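Engineer: Please find data_11.json (JSON, C-alpha atoms) on the next line:
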```
[["chain", "number", "residue", "atom", "x", "y", "z"],
["A", 18, "MET", "CA", 31.83, 19.95, -0.17],
["A", 19, "PRO", "CA", 32.74, 17.47, -2.89],
["A", 20, "GLY", "CA", 36.35, 17.72, -3.93],
["A", 21, "GLY", "CA", 37.89, 17.33, -7.32],
["A", 22, "ASP", "CA", 38.86, 19.83, -9.95],
["A", 23, "PHE", "CA", 35.49, 21.62, -10.11],
["A", 24, "HIS", "CA", 33.79, 24.29, -8.05],
["A", 25, "PRO", "CA", 31.31, 23.03, -5.39],
["A", 26, "PHE", "CA", 28.73, 25.33, -7.00],
["A", 27, "PHE", "CA", 28.51, 22.90, -9.94],
["A", 28, "PHE", "CA", 27.76, 20.03, -7.59],
["A", 29, "VAL", "CA", 24.93, 21.99, -5.97],
["A", 30, "VAL", "CA", 23.44, 22.88, -9.35],
["A", 31, "ILE", "CA", 23.65, 19.31, -10.67],
["A", 32, "ALA", "CA", 22.31, 17.79, -7.45],
["A", 33, "ALA", "CA", 19.37, 20.21, -7.37],
["A", 34, "TRP", "CA", 18.69, 19.50, -11.05],
["A", 35, "ILE", "CA", 18.67, 15.73, -10.53],
["A", 36, "LEU", "CA", 16.49, 15.85, -7.42],
["A", 37, "VAL", "CA", 13.95, 18.34, -8.82],
["A", 38, "CYS", "CA", 13.59, 16.32, -12.04],
["A", 39, "GLY", "CA", 13.30, 13.12, -9.98],
["A", 40, "LEU", "CA", 10.49, 14.66, -7.93],
["A", 41, "GLY", "CA", 8.88, 15.73, -11.20],
["A", 42, "VAL", "CA", 8.81, 12.10, -12.40],
["A", 43, "VAL", "CA", 6.95, 11.04, -9.26],
["A", 44, "LEU", "CA", 4.62, 14.02, -8.85],
["A", 45, "PHE", "CA", 3.49, 15.08, -12.36],
["A", 46, "ARG", "CA", -0.07, 14.10, -13.17],
["A", 47, "ASN", "CA", 0.46, 14.14, -16.95],
["A", 48, "ILE", "CA", 2.57, 11.09, -17.80],
["A", 49, "ILE", "CA", 4.25, 12.85, -20.75],
["A", 50, "TYR", "CA", 5.55, 15.52, -18.34],
["A", 51, "SER", "CA", 6.83, 12.69, -16.11],
["A", 52, "ALA", "CA", 8.69, 11.13, -19.02],
["A", 53, "VAL", "CA", 10.28, 14.44, -20.11],
["A", 54, "SER", "CA", 11.26, 15.12, -16.50],
["A", 55, "MET", "CA", 12.85, 11.67, -16.41],
["A", 56, "VAL", "CA", 14.88, 12.43, -19.56],
["A", 57, "PHE", "CA", 16.22, 15.62, -17.93],
["A", 58, "CYS", "CA", 16.98, 13.67, -14.75],
["A", 59, "PHE", "CA", 19.04, 11.15, -16.77],
["A", 60, "LEU", "CA", 20.86, 14.05, -18.45],
["A", 61, "GLY", "CA", 21.67, 15.51, -15.03],
["A", 62, "VAL", "CA", 23.01, 12.12, -13.89],
["A", 63, "ALA", "CA", 25.24, 12.05, -16.99],
["A", 64, "PHE", "CA", 26.63, 15.46, -15.95],
["A", 65, "ALA", "CA", 27.18, 14.07, -12.45],
["A", 66, "TYR", "CA", 29.31, 11.27, -13.96],
["A", 67, "ALA", "CA", 31.24, 13.88, -15.94],
["A", 68, "LEU", "CA", 31.93, 15.80, -12.69],
["A", 69, "LEU", "CA", 33.18, 12.52, -11.20],
["A", 70, "ASN", "CA", 35.72, 12.14, -14.04],
["A", 71, "ALA", "CA", 33.93, 9.01, -15.28],
["A", 72, "GLU", "CA", 33.64, 10.10, -18.89],
["A", 73, "LEU", "CA", 32.93, 6.60, -20.25],
["A", 74, "VAL", "CA", 29.92, 6.14, -17.94],
["A", 75, "ALA", "CA", 28.70, 9.65, -18.82],
["A", 76, "ILE", "CA", 28.76, 8.84, -22.53],
["A", 77, "VAL", "CA", 27.09, 5.45, -22.03],
["A", 78, "GLN", "CA", 24.46, 7.12, -19.83],
["A", 79, "ILE", "CA", 23.58, 9.60, -22.58],
["A", 80, "LEU", "CA", 23.59, 6.90, -25.27],
["A", 81, "ILE", "CA", 21.51, 4.28, -23.46],
["A", 82, "TYR", "CA", 19.35, 6.19, -20.97],
["A", 83, "VAL", "CA", 18.78, 9.52, -22.72],
["A", 84, "GLY", "CA", 18.81, 7.88, -26.15],
["A", 85, "ALA", "CA", 17.31, 4.41, -25.96],
["A", 86, "THR", "CA", 15.43, 3.91, -22.69],
["A", 87, "SER", "CA", 13.57, 7.22, -22.93],
["A", 88, "VAL", "CA", 12.44, 6.43, -26.47],
["A", 89, "VAL", "CA", 11.21, 2.99, -25.38],
["A", 90, "ILE", "CA", 9.23, 4.53, -22.51],
["A", 91, "LEU", "CA", 7.76, 7.26, -24.75],
["A", 92, "PHE", "CA", 6.75, 4.54, -27.24],
["A", 93, "ALA", "CA", 5.02, 2.63, -24.46],
["A", 94, "ILE", "CA", 3.17, 5.79, -23.42],
["A", 95, "MET", "CA", 2.02, 6.34, -26.99],
["A", 96, "LEU", "CA", 0.96, 2.68, -27.41],
["A", 97, "THR", "CA", -1.08, 2.69, -24.23],
["A", 98, "GLU", "CA", -2.72, 6.05, -25.11],
["A", 99, "VAL", "CA", -3.34, 6.97, -21.47],
["A", 100, "GLN", "CA", -1.80, 10.43, -21.19],
["A", 101, "GLN", "CA", -3.75, 11.63, -18.17],
["A", 102, "SER", "CA", -3.99, 9.81, -14.89],
["A", 103, "TYR", "CA", -7.67, 10.07, -14.10],
["A", 104, "GLY", "CA", -8.87, 9.87, -10.54],
["A", 105, "GLN", "CA", -6.40, 9.21, -7.80],
["A", 106, "LEU", "CA", -2.78, 9.93, -8.62],
["A", 107, "PHE", "CA", -1.44, 7.80, -5.79],
["A", 108, "HIS", "CA", -2.25, 4.34, -4.56],
["A", 109, "ARG", "CA", -3.94, 3.79, -1.19],
["A", 110, "GLN", "CA", -0.63, 2.60, 0.21],
["A", 111, "ALA", "CA", 0.93, 6.04, -0.40],
["A", 112, "ILE", "CA", 0.06, 6.99, 3.19],
["A", 113, "PHE", "CA", 2.49, 4.26, 4.26],
["A", 114, "ALA", "CA", 4.97, 4.79, 1.42],
["A", 115, "ALA", "CA", 5.61, 8.49, 2.13],
["A", 116, "PRO", "CA", 6.65, 8.07, 5.80],
["A", 117, "LEU", "CA", 8.64, 4.98, 4.79],
["A", 118, "ALA", "CA", 10.61, 6.91, 2.16],
["A", 119, "VAL", "CA", 11.24, 9.82, 4.54],
["A", 120, "ALA", "CA", 12.31, 7.45, 7.32],
["A", 121, "ALA", "CA", 14.67, 5.62, 4.95],
["A", 122, "ALA", "CA", 16.14, 8.97, 3.86],
["A", 123, "VAL", "CA", 16.72, 10.02, 7.48],
["A", 124, "VAL", "CA", 18.28, 6.68, 8.47],
["A", 125, "MET", "CA", 20.58, 6.65, 5.44],
["A", 126, "THR", "CA", 21.57, 10.30, 6.01],
["A", 127, "VAL", "CA", 22.59, 9.43, 9.57],
["A", 128, "MET", "CA", 24.50, 6.41, 8.28],
["A", 129, "VAL", "CA", 26.35, 8.36, 5.58],
["A", 130, "VAL", "CA", 27.23, 11.22, 7.93],
["A", 131, "SER", "CA", 28.34, 9.02, 10.83],
["A", 132, "THR", "CA", 30.38, 6.48, 8.82],
["A", 133, "GLU", "CA", 34.07, 7.17, 8.29],
["A", 134, "LEU", "CA", 34.93, 5.50, 4.99],
["A", 135, "ALA", "CA", 38.52, 4.31, 4.95],
["A", 136, "ASP", "CA", 40.95, 5.04, 2.13],
["A", 137, "VAL", "CA", 38.98, 7.94, 0.64],
["A", 138, "GLY", "CA", 40.91, 10.78, -0.90],
["A", 139, "ASP", "CA", 40.05, 13.90, -2.80],
["A", 140, "THR", "CA", 41.88, 12.85, -5.92],
["A", 141, "SER", "CA", 39.92, 10.75, -8.35],
["A", 142, "LEU", "CA", 41.51, 7.64, -9.77],
["A", 143, "ASN", "CA", 40.43, 8.51, -13.32],
["A", 144, "LEU", "CA", 41.14, 5.32, -15.29],
["A", 145, "SER", "CA", 41.24, 6.15, -18.97],
["A", 146, "VAL", "CA", 38.69, 4.78, -21.44],
["A", 147, "HIS", "CA", 41.48, 2.68, -22.92],
["A", 148, "ALA", "CA", 42.34, 1.09, -19.57],
["A", 149, "LEU", "CA", 38.67, 0.46, -18.79],
["A", 150, "SER", "CA", 37.99, -1.20, -22.14],
["A", 151, "SER", "CA", 41.02, -3.45, -21.85],
["A", 152, "LEU", "CA", 39.75, -4.47, -18.40],
["A", 153, "LEU", "CA", 36.30, -5.10, -19.85],
["A", 154, "PHE", "CA", 37.58, -7.34, -22.65],
["A", 155, "ASN", "CA", 40.13, -9.21, -20.56],
["A", 156, "ARG", "CA", 39.30, -9.68, -16.91],
["A", 157, "TYR", "CA", 35.55, -9.01, -17.18],
["A", 158, "VAL", "CA", 34.90, -10.70, -20.52],
["A", 159, "PHE", "CA", 32.70, -13.43, -19.00],
["A", 160, "PRO", "CA", 30.17, -11.00, -17.43],
["A", 161, "PHE", "CA", 30.30, -9.07, -20.70],
["A", 162, "GLU", "CA", 29.23, -12.15, -22.69],
["A", 163, "LEU", "CA", 26.66, -13.06, -20.05],
["A", 164, "VAL", "CA", 25.10, -9.59, -20.36],
["A", 165, "SER", "CA", 24.81, -10.02, -24.13],
["A", 166, "LEU", "CA", 22.92, -13.27, -23.51],
["A", 167, "VAL", "CA", 20.59, -11.49, -21.07],
["A", 168, "LEU", "CA", 19.94, -8.75, -23.64],
["A", 169, "LEU", "CA", 19.06, -11.36, -26.27],
["A", 170, "ALA", "CA", 16.66, -13.09, -23.86],
["A", 171, "ALA", "CA", 15.07, -9.75, -22.92],
["A", 172, "MET", "CA", 14.64, -8.82, -26.59],
["A", 173, "ILE", "CA", 12.90, -12.11, -27.40],
["A", 174, "GLY", "CA", 10.80, -11.84, -24.24],
["A", 175, "ALA", "CA", 9.66, -8.31, -25.07],
["A", 176, "ILE", "CA", 8.68, -9.34, -28.60],
["A", 177, "VAL", "CA", 6.73, -12.36, -27.34],
["A", 178, "LEU", "CA", 4.98, -10.32, -24.63],
["A", 179, "ALA", "CA", 4.03, -7.30, -26.72],
["A", 180, "ARG", "CA", 2.91, -9.19, -29.83],
["A", 181, "ARG", "CA", -0.80, -9.32, -30.53],
["A", 182, "GLN", "CA", -2.34, -12.72, -30.00],
["A", 183, "GLY", "CA", -3.57, -13.27, -33.57],
["A", 184, "GLU", "CA", -0.22, -12.70, -35.26],
["A", 185, "LYS", "CA", 1.25, -16.19, -34.85],
["A", 186, "ARG", "CA", 2.55, -17.72, -38.02],
["B", 9, "MET", "CA", 32.05, 15.19, 5.90],
["B", 10, "SER", "CA", 34.30, 13.82, 3.20],
["B", 11, "PRO", "CA", 33.73, 14.68, -0.49],
["B", 12, "LEU", "CA", 32.36, 11.20, -1.13],
["B", 13, "ASP", "CA", 29.61, 11.74, 1.46],
["B", 14, "TRP", "CA", 27.97, 14.48, -0.60],
["B", 15, "TRP", "CA", 27.71, 12.19, -3.62],
["B", 16, "LEU", "CA", 26.32, 9.39, -1.44],
["B", 17, "LEU", "CA", 23.72, 11.79, -0.02],
["B", 18, "LEU", "CA", 22.65, 12.76, -3.53],
["B", 19, "ALA", "CA", 22.37, 9.09, -4.52],
["B", 20, "MET", "CA", 20.43, 8.28, -1.35],
["B", 21, "LEU", "CA", 17.89, 11.09, -1.84],
["B", 22, "LEU", "CA", 17.30, 10.11, -5.48],
["B", 23, "PHE", "CA", 16.87, 6.48, -4.37],
["B", 24, "CYS", "CA", 14.23, 7.47, -1.80],
["B", 25, "ILE", "CA", 12.33, 9.59, -4.35],
["B", 26, "GLY", "CA", 12.31, 6.61, -6.73],
["B", 27, "ALA", "CA", 11.25, 4.21, -3.98],
["B", 28, "PHE", "CA", 8.33, 6.46, -3.08],
["B", 29, "GLY", "CA", 7.30, 6.56, -6.75],
["B", 30, "VAL", "CA", 7.45, 2.76, -7.03],
["B", 31, "LEU", "CA", 5.37, 2.26, -3.90],
["B", 32, "ALA", "CA", 2.86, 5.07, -4.32],
["B", 33, "ARG", "CA", 2.03, 5.73, -7.98],
["B", 34, "ARG", "CA", -0.88, 3.93, -9.64],
["B", 35, "ASN", "CA", 0.30, 4.28, -13.23],
["B", 36, "THR", "CA", 2.50, 1.28, -14.11],
["B", 37, "ILE", "CA", 4.64, 3.22, -16.58],
["B", 38, "VAL", "CA", 5.46, 5.82, -13.90],
["B", 39, "VAL", "CA", 6.35, 2.93, -11.58],
["B", 40, "ILE", "CA", 8.87, 1.70, -14.18],
["B", 41, "MET", "CA", 10.27, 5.23, -14.58],
["B", 42, "SER", "CA", 10.70, 5.49, -10.79],
["B", 43, "LEU", "CA", 12.49, 2.14, -10.87],
["B", 44, "GLU", "CA", 14.92, 3.65, -13.38],
["B", 45, "LEU", "CA", 15.49, 6.56, -10.96],
["B", 46, "MET", "CA", 16.43, 4.05, -8.25],
["B", 47, "LEU", "CA", 18.87, 2.27, -10.58],
["B", 48, "ASN", "CA", 20.42, 5.62, -11.52],
["B", 49, "ALA", "CA", 20.83, 6.46, -7.84],
["B", 50, "VAL", "CA", 22.67, 3.18, -7.22],
["B", 51, "ASN", "CA", 24.87, 3.91, -10.22],
["B", 52, "ILE", "CA", 25.81, 7.35, -8.88],
["B", 53, "ALA", "CA", 26.87, 5.73, -5.60],
["B", 54, "LEU", "CA", 28.86, 3.03, -7.43],
["B", 55, "VAL", "CA", 30.72, 5.47, -9.66],
["B", 56, "ALA", "CA", 31.38, 7.91, -6.82],
["B", 57, "ILE", "CA", 32.87, 5.21, -4.59],
["B", 58, "ALA", "CA", 34.91, 3.78, -7.49],
["B", 59, "GLN", "CA", 36.32, 7.20, -8.34],
["B", 60, "PHE", "CA", 37.17, 8.20, -4.77],
["B", 61, "ARG", "CA", 38.76, 4.95, -3.60],
["B", 62, "ALA", "CA", 42.27, 4.36, -4.83],
["B", 63, "GLY", "CA", 42.11, 0.55, -4.79],
["B", 64, "SER", "CA", 38.98, -0.03, -6.86],
["B", 65, "GLN", "CA", 40.84, -0.68, -10.16],
["B", 66, "GLY", "CA", 37.88, 0.40, -12.26],
["B", 67, "ALA", "CA", 35.62, -2.41, -11.05],
["B", 68, "GLY", "CA", 32.93, -0.01, -9.81],
["B", 69, "VAL", "CA", 32.80, 1.90, -13.08],
["B", 70, "LEU", "CA", 32.51, -1.33, -15.09],
["B", 71, "PHE", "CA", 29.87, -2.63, -12.71],
["B", 72, "SER", "CA", 27.83, 0.53, -13.30],
["B", 73, "LEU", "CA", 28.04, -0.15, -17.05],
["B", 74, "PHE", "CA", 26.58, -3.62, -16.45],
["B", 75, "VAL", "CA", 23.83, -2.08, -14.31],
["B", 76, "ILE", "CA", 22.94, 0.33, -17.12],
["B", 77, "THR", "CA", 22.74, -2.55, -19.62],
["B", 78, "LEU", "CA", 20.59, -4.71, -17.36],
["B", 79, "ALA", "CA", 18.33, -1.72, -16.64],
["B", 80, "ALA", "CA", 17.75, -1.38, -20.39],
["B", 81, "ALA", "CA", 16.82, -5.08, -20.56],
["B", 82, "GLU", "CA", 14.54, -4.70, -17.54],
["B", 83, "VAL", "CA", 12.69, -1.70, -18.96],
["B", 84, "THR", "CA", 12.10, -3.53, -22.25],
["B", 85, "VAL", "CA", 10.53, -6.56, -20.59],
["B", 86, "GLY", "CA", 8.62, -4.42, -18.09],
["B", 87, "LEU", "CA", 7.04, -2.27, -20.77],
["B", 88, "GLY", "CA", 6.24, -5.41, -22.78],
["B", 89, "ILE", "CA", 4.28, -6.67, -19.78],
["B", 90, "VAL", "CA", 2.57, -3.26, -19.41],
["B", 91, "ILE", "CA", 1.49, -3.29, -23.06],
["B", 92, "ALA", "CA", 0.26, -6.89, -22.85],
["B", 93, "ASN", "CA", -1.74, -5.96, -19.75],
["B", 94, "TYR", "CA", -3.11, -2.87, -21.49],
["B", 95, "ARG", "CA", -4.32, -5.04, -24.38],
["B", 96, "ALA", "CA", -6.11, -7.34, -21.97],
["B", 97, "LYS", "CA", -7.69, -4.76, -19.63],
["B", 98, "ARG", "CA", -7.48, -1.36, -21.43],
["B", 99, "THR", "CA", -5.81, 0.25, -18.43],
["B", 100, "VAL", "CA", -2.33, 0.80, -16.99],
["B", 101, "GLU", "CA", -3.43, 1.51, -13.41],
["B", 102, "ASN", "CA", -1.85, -1.16, -11.28],
["B", 103, "ASP", "CA", -4.72, -1.62, -8.82],
["B", 104, "HIS", "CA", -6.72, -3.21, -11.66],
["B", 105, "PHE", "CA", -4.13, -5.99, -12.03],
["B", 106, "ASP", "CA", -5.30, -8.18, -9.16],
["B", 107, "GLU", "CA", -5.82, -11.62, -10.75],
["B", 108, "MET", "CA", -3.23, -13.23, -8.50],
["B", 109, "LYS", "CA", -4.66, -11.72, -5.31],
["B", 110, "GLY", "CA", -5.34, -14.51, -2.81]]
```
Is it possible to give me this structure as structure tokens?

Structural biologist:
Amino acid sequence: MPGGDFHPFFFVVIAAWILVCGLGVVLFRNIIYSAVSMVFCFLGVAFAYALLNAELVAIVQILIYVGATSVVILFAIMLTEVQQSYGQLFHRQAIFAAPLAVAAAVVMTVMVVSTELADVGDTSLNLSVHALSSLLFNRYVFPFELVSLVLLAAMIGAIVLARRQGEKR
Amino acid sequence: MSPLDWWLLLAMLLFCIGAFGVLARRNTIVVIMSLELMLNAVNIALVAIAQFRAGSQGAGVLFSLFVITLAAAEVTVGLGIVIANYRAKRTVENDHFDEMKG
């Protein structure tokens, strides 16, 4: 079972939480239930990061995913005003998608189980937030600036796309 | 099985659930939510490998931060497209969006 300074029981609980909420996103007919299930799934992933000693990623996960992305998706649901999925829940191609997903899961399980990853220990590296941020603003400052540019472009793109046609000035 | 394997299995299962949602659901907003599940799964794998390998120097954790940021950008643009499509056709079911079908 997963090592580290926590009981394996916590891993089982968190993994079951994440997977059940993930299935809820895909299987709920009411889209609001799907969205709430997704929020809980993101929260579970944040706890998984906390178990992995990655406290910075856990905090960012809660801030961005649980805070921002979920609100954006709930806003989109409210703007489109289609709470219920009428008629067929799944596309015609679901009869191909389900075996494909199961087959991919089986193949990847075999790969993960059969591969011996080198240089893997039980002890986590656990870089501090201070060390990570100094890395981010020194060695990785160019990707950091590039990401800010991408965010600006995405913001402008979203405004242009979602604006009503008659509102040009 | 090493401790890392259990985390990779969790990430892999979540990825497959998300992939099924992307391929199978008709509602475009649920498709975007399933896409977020897939990105989260990849992030779990990245962070797990970064934390369990001694030589990673924090690169995996920082990379997962970039993935989270780009996922936020992606969901904004994606939902903008969904809302624009909803204005045009009054539906979010993706089998009605077939203008570019050959």

Engineer: Between A:Ile81, A:Ala170, A:Val42, A:Ala111, which is the closest to Thr77 in chain B once you count only C-alpha atoms?

Structural biologist: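 Residue with the minimum atom-to-atom distance to Thr77 in chain B: A:Ile81.
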
Engineer: A:Ala52, A:Leu149, A:Val124, A:Met95: which is nearest Gly39 in chain A, counting only C-alpha atoms?

Structural biologist: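 Closest to Gly39 in chain A, using only C-alpha atoms: A:Ala52.
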
Engineer: Could you check which of A:Val177, A:Ser151, A:Met125, A:Tyr82 is closest to Ala79 in chain B, using only C-alpha atoms?

Structural biologist: A:Tyr82

Engineer: If I take CA of His108 in chain A and CA of His104 in chain B, how far is one from the other in Å, to one decimal?

Structural biologist: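 CA of His104 in chain B lies at a distance of 11.3 Å from CA of His108 in chain A.
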
Engineer: For Phe161 in chain A, list every protein, DNA or RNA residue within 12 Å, evaluated using only C-alpha atoms, and leave out those in the same chain fewer than 3 positions away; present the list as a PyMOL selection string.

Structural biologist: (chain A and resi 150+152-158+164-168) or (chain B and resi 70-71+73-75+77-78)

Engineer: For chain B, which residue among A:Ser51, A:Ala67, A:Gly84, A:Ile79 is the nearest when counting all atoms listed in the file?

Structural biologist: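 When distances to chain B are compared using all atoms listed in the file, the smallest one comes from A:Ser51.
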
Engineer: Fewer than 6 positions away in the same chain doesn't count, so skip those; otherwise give me all residues within 10 Å of Phe92 in chain A, counting all atoms listed in the file, as an MDAnalysis selection string.

Structural biologist: (chainID A and resid 86 98) or (chainID B and resid 87)

Engineer: So how many Å separate CA of Ile76 in chain A and CA of Leu60 in chain A, to one decimal?

Structural biologist: 10.3 Å

Engineer: Could you give me, as a VMD selection string, the residues that have an atom at most 12 Å away from the point (22.7, 0.5, -13.4) in the coordinates of the file, using all atoms listed in the file?

Structural biologist: (chain A and resid 59 62 74 77 to 78 81 to 82) or (chain B and resid 43 to 55 68 to 83)

Engineer: What is the distance, in Å and to one decimal place, between CA of Arg95 in chain B and CA of Ile94 in chain A?

Structural biologist: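 Separating CA of Arg95 in chain B from CA of Ile94 in chain A is a distance of 13.2 Å.
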
Engineer: Would you list the contacts of Ala179 in chain A as a PyMOL selection string, taking every protein, DNA or RNA residue within 7 Å and counting all atoms listed in the file, but skipping same-chain residues closer than 4 positions in sequence?

Structural biologist: (chain A and resi 175) or (chain B and resi 88-89+91-92)

Engineer: Identify, on the basis of only C-alpha atoms, every residue whose closest approach to Leu106 in chain A does not exceed 7 Å; exclude the query and any residue fewer than 2 positions from it along the same chain; express the result as a compact mmCIF listing (two decimals) with C-alpha atoms, keeping the file's coordinate frame.

Structural biologist:
```txt
# COMPACT_ATOMS: atom_id res chain seq x y z
CA ARG A 46 -0.07 14.10 -13.17
CA SER A 102 -3.99 9.81 -14.89
CA GLY A 104 -8.87 9.87 -10.54
CA HIS A 108 -2.25 4.34 -4.56
CA ARG B 33 2.03 5.73 -7.98
CA ARG B 34 -0.88 3.93 -9.64
```

Engineer: Counting only C-alpha atoms, write as a list in words all protein and nucleic acid residues lying at most 12 Å from (2.4, 2.0, -2.6) in the file's frame.

Structural biologist: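 Residues found, by chain and rising number: Leu106, Phe107, His108, Arg109, Gln110, Ala111, Ile112, Phe113, Ala114, Ala115, Pro116, Leu117 and Ala118 of chain A; Gly26, Ala27, Phe28, Gly29, Val30, Leu31, Ala32, Arg33, Arg34, Asn35, Thr36, Val39, Asn102 and Asp103 of chain B.
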
Engineer: Smallest atom-to-atom distance to Met41 in chain B: which of A:Met55, A:Val127, A:Ile31, A:Leu40, using only C-alpha atoms?

Structural biologist: A:Met55

Engineer: Just checking: using all atoms listed in the file, which residue out of B:Pro11, B:Phe105, B:Ser42, B:Ala67 ends up closest to chain A?

Structural biologist: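 Between B:Pro11, B:Phe105, B:Ser42, B:Ala67, the residue approaching chain A most closely is B:Pro11.
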
Engineer: Residues near Thr99 in chain B, anyone? I mean within 8 Å using only C-alpha atoms, not counting same-chain ones fewer than 5 positions away, as an NGL selection string.

Structural biologist: (:A and (97 or 99)) or (:B and (93-94 or 104))

Engineer: Would you compute an axis-aligned box for range 45-54 of chain A, covering every atom listed for it in the file with 3 Å of margin on each side, and report centre and edge lengths in Å to one decimal as AutoDock Vina command-line options?

Structural biologist:
```
--center_x 5.6 --center_y 13.3 --center_z -16.6 --size_x 17.3 --size_y 10.4 --size_z 14.4
```
